Amino acid sequence: MTEFANVYEDNKRAEAYARLEFPNTYHLAFRDLPGIFAAHIRGKRALDFGCGAGRSTRFLGDHGFAAVGIDISDKMLANARAIDPAGDYRRIDGEAVDRAAGKAYDLILSAFTFDNVPTLEKKVRLFRGLAGLLGPSGRIVNLVSSPEIYKHEWASFSVRDFPENLLAGSGDIVRIIQKDTEDKRPVEDILCTDESYREVYARAGLSVEAVHRPLGRQDEPFAWVNETAIPPWTIYVLAAG
């Protein structure tokens, strides 16, 4: 595996993100995961790849998984351990991912991590490495930002200050502001289209088992903006081979 950048590698951003749970648009990223797990995952050994402050690792634990969280950011991992002292959080360092994480996972969850991986080649190498950590019937669940999230306004995000996002293609930097944290500095992500992700998966030896694009519902207690009509997230279920 190869090293990649983490936009949350500073104290202010790490601390703000550590307090973020599942508000507003983020609710849609996690709402349907339990049903996806029930339909596709057999077993309870899970790896949270790019765990950050441990939100998704704790989510896995709350849904019955024995989860290991791994990340490259010492600051984010410090927050994860402070929030969840009993959790298993490990520092990874590029090529040492497999040695730090272990193998034979039933589920590898990656929540937003690949939004920050800058090239298709790096994505391919990372997915090849993750595929090697799966058990015989294991699956990767890759939760990423849909390209549309960088083009519209949302309950949790604003992009009105970044009209250049409308012209962005796969591999381009896009900017977005998180409205649910105190840190209002723009976050820089790397846009990746569905076509590009499918190319990455194929090159990494993975097949797409299912794709889910969650939409908001009118009966949910959130002030939706575009969430009921445009899916802000894409969730891929991936199998090796």
# chains A, B, ... in the order shown; residues from 1 in each chain; ligands from 1
$ select_by_dssp --residues "segment 104-235 of chain A" --states "alpha helix (DSSP H)" --output "VMD selection string"
chain A and resid 120 to 131 194 to 203
$ write_last_selection --atoms "N, CA and C atoms" --output "mmCIF file, in the first residue's frame"
data_model
loop_
_atom_site.group_PDB
_atom_site.id
_atom_site.type_symbol
_atom_site.label_atom_id
_atom_site.label_comp_id
_atom_site.auth_asym_id
_atom_site.auth_seq_id
_atom_site.Cartn_x
_atom_site.Cartn_y
_atom_site.Cartn_z
ATOM 1 N N LEU A 120 -5.937 7.685 -9.333
ATOM 2 C CA LEU A 120 -6.511 6.360 -9.556
ATOM 3 C C LEU A 120 -5.499 5.272 -9.225
ATOM 4 N N GLU A 121 -4.236 5.517 -9.541
ATOM 5 C CA GLU A 121 -3.203 4.514 -9.279
ATOM 6 C C GLU A 121 -3.095 4.227 -7.782
ATOM 7 N N LYS A 122 -3.135 5.261 -6.959
ATOM 8 C CA LYS A 122 -3.081 5.047 -5.511
ATOM 9 C C LYS A 122 -4.334 4.335 -5.018
ATOM 10 N N LYS A 123 -5.468 4.705 -5.570
ATOM 11 C CA LYS A 123 -6.703 4.008 -5.186
ATOM 12 C C LYS A 123 -6.604 2.523 -5.531
ATOM 13 N N VAL A 124 -6.100 2.218 -6.715
ATOM 14 C CA VAL A 124 -5.966 0.814 -7.126
ATOM 15 C C VAL A 124 -5.054 0.063 -6.167
ATOM 16 N N ARG A 125 -3.910 0.649 -5.839
ATOM 17 C CA ARG A 125 -2.975 -0.036 -4.941
ATOM 18 C C ARG A 125 -3.584 -0.256 -3.561
ATOM 19 N N LEU A 126 -4.302 0.743 -3.068
ATOM 20 C CA LEU A 126 -4.930 0.596 -1.759
ATOM 21 C C LEU A 126 -6.002 -0.498 -1.776
ATOM 22 N N PHE A 127 -6.824 -0.511 -2.820
ATOM 23 C CA PHE A 127 -7.872 -1.534 -2.882
ATOM 24 C C PHE A 127 -7.284 -2.934 -3.066
ATOM 25 N N ARG A 128 -6.207 -3.043 -3.801
ATOM 26 C CA ARG A 128 -5.554 -4.354 -3.912
ATOM 27 C C ARG A 128 -5.079 -4.826 -2.542
ATOM 28 N N GLY A 129 -4.496 -3.895 -1.778
ATOM 29 C CA GLY A 129 -4.046 -4.248 -0.442
ATOM 30 C C GLY A 129 -5.194 -4.628 0.461
ATOM 31 N N LEU A 130 -6.293 -3.874 0.404
ATOM 32 C CA LEU A 130 -7.459 -4.191 1.238
ATOM 33 C C LEU A 130 -8.053 -5.543 0.857
ATOM 34 N N ALA A 131 -8.093 -5.836 -0.438
ATOM 35 C CA ALA A 131 -8.637 -7.126 -0.876
ATOM 36 C C ALA A 131 -7.849 -8.280 -0.262
ATOM 37 N N ASP A 194 -18.419 7.698 -10.715
ATOM 38 C CA ASP A 194 -18.767 6.279 -10.668
ATOM 39 C C ASP A 194 -17.971 5.496 -11.704
ATOM 40 N N GLU A 195 -17.822 6.040 -12.891
ATOM 41 C CA GLU A 195 -17.050 5.368 -13.938
ATOM 42 C C GLU A 195 -15.615 5.132 -13.495
ATOM 43 N N SER A 196 -15.007 6.137 -12.852
ATOM 44 C CA SER A 196 -13.632 5.989 -12.403
ATOM 45 C C SER A 196 -13.515 4.978 -11.278
ATOM 46 N N TYR A 197 -14.465 5.004 -10.349
ATOM 47 C CA TYR A 197 -14.425 4.008 -9.280
ATOM 48 C C TYR A 197 -14.539 2.595 -9.842
ATOM 49 N N ARG A 198 -15.400 2.406 -10.807
ATOM 50 C CA ARG A 198 -15.541 1.068 -11.387
ATOM 51 C C ARG A 198 -14.259 0.626 -12.088
ATOM 52 N N GLU A 199 -13.574 1.562 -12.711
ATOM 53 C CA GLU A 199 -12.278 1.233 -13.302
ATOM 54 C C GLU A 199 -11.291 0.818 -12.219
ATOM 55 N N VAL A 200 -11.265 1.564 -11.120
ATOM 56 C CA VAL A 200 -10.373 1.246 -10.006
ATOM 57 C C VAL A 200 -10.662 -0.158 -9.472
ATOM 58 N N TYR A 201 -11.933 -0.450 -9.239
ATOM 59 C CA TYR A 201 -12.290 -1.755 -8.685
ATOM 60 C C TYR A 201 -11.854 -2.882 -9.624
ATOM 61 N N ALA A 202 -12.112 -2.711 -10.906
ATOM 62 C CA ALA A 202 -11.743 -3.753 -11.861
ATOM 63 C C ALA A 202 -10.233 -3.972 -11.875
ATOM 64 N N ARG A 203 -9.465 -2.888 -11.869
ATOM 65 C CA ARG A 203 -8.008 -3.007 -11.878
ATOM 66 C C ARG A 203 -7.472 -3.618 -10.587
#
$ residues_around --residues "segment 84-89 of chain A" --least-positions-apart "5" --cutoff "7 Å" --atoms "only C-alpha atoms" --output "MDAnalysis selection string"
chainID A and resid 68:70 77
$ write_last_selection --atoms "C-alpha atoms" --output "PDB file, in the first residue's frame"
ATOM      1  CA  VAL A  68     -10.310  -2.579  14.493  1.00  0.00           C
ATOM      2  CA  GLY A  69      -9.866   1.058  13.475  1.00  0.00           C
ATOM      3  CA  ILE A  70      -6.787   2.070  11.498  1.00  0.00           C
ATOM      4  CA  LEU A  77      -6.328   8.433  16.634  1.00  0.00           C
TER       5      LEU A  77
END
$ closest_residue --among "A:Ile176, A:Leu28, A:Ile140, A:Leu191" --to "Ala239 of chain A" --atoms "only C-alpha atoms"
A:Ile140
$ atom_distance --atom1 "atom CA of Tyr150 of chain A" --atom2 "atom CA of Ala80 of chain A"
27.6 Å
$ closest_residue --among "A:Asp172, A:Asp180, A:Glu227, A:Glu220" --to "Glu148 of chain A" --atoms "only C-alpha atoms"
A:Glu227
$ atom_distance --atom1 "atom CA of Ile235 of chain A" --atom2 "atom CA of Ala67 of chain A"
19.2 Å
$ atom_distance --atom1 "atom CA of His212 of chain A" --atom2 "atom CA of Leu134 of chain A"
21.2 Å
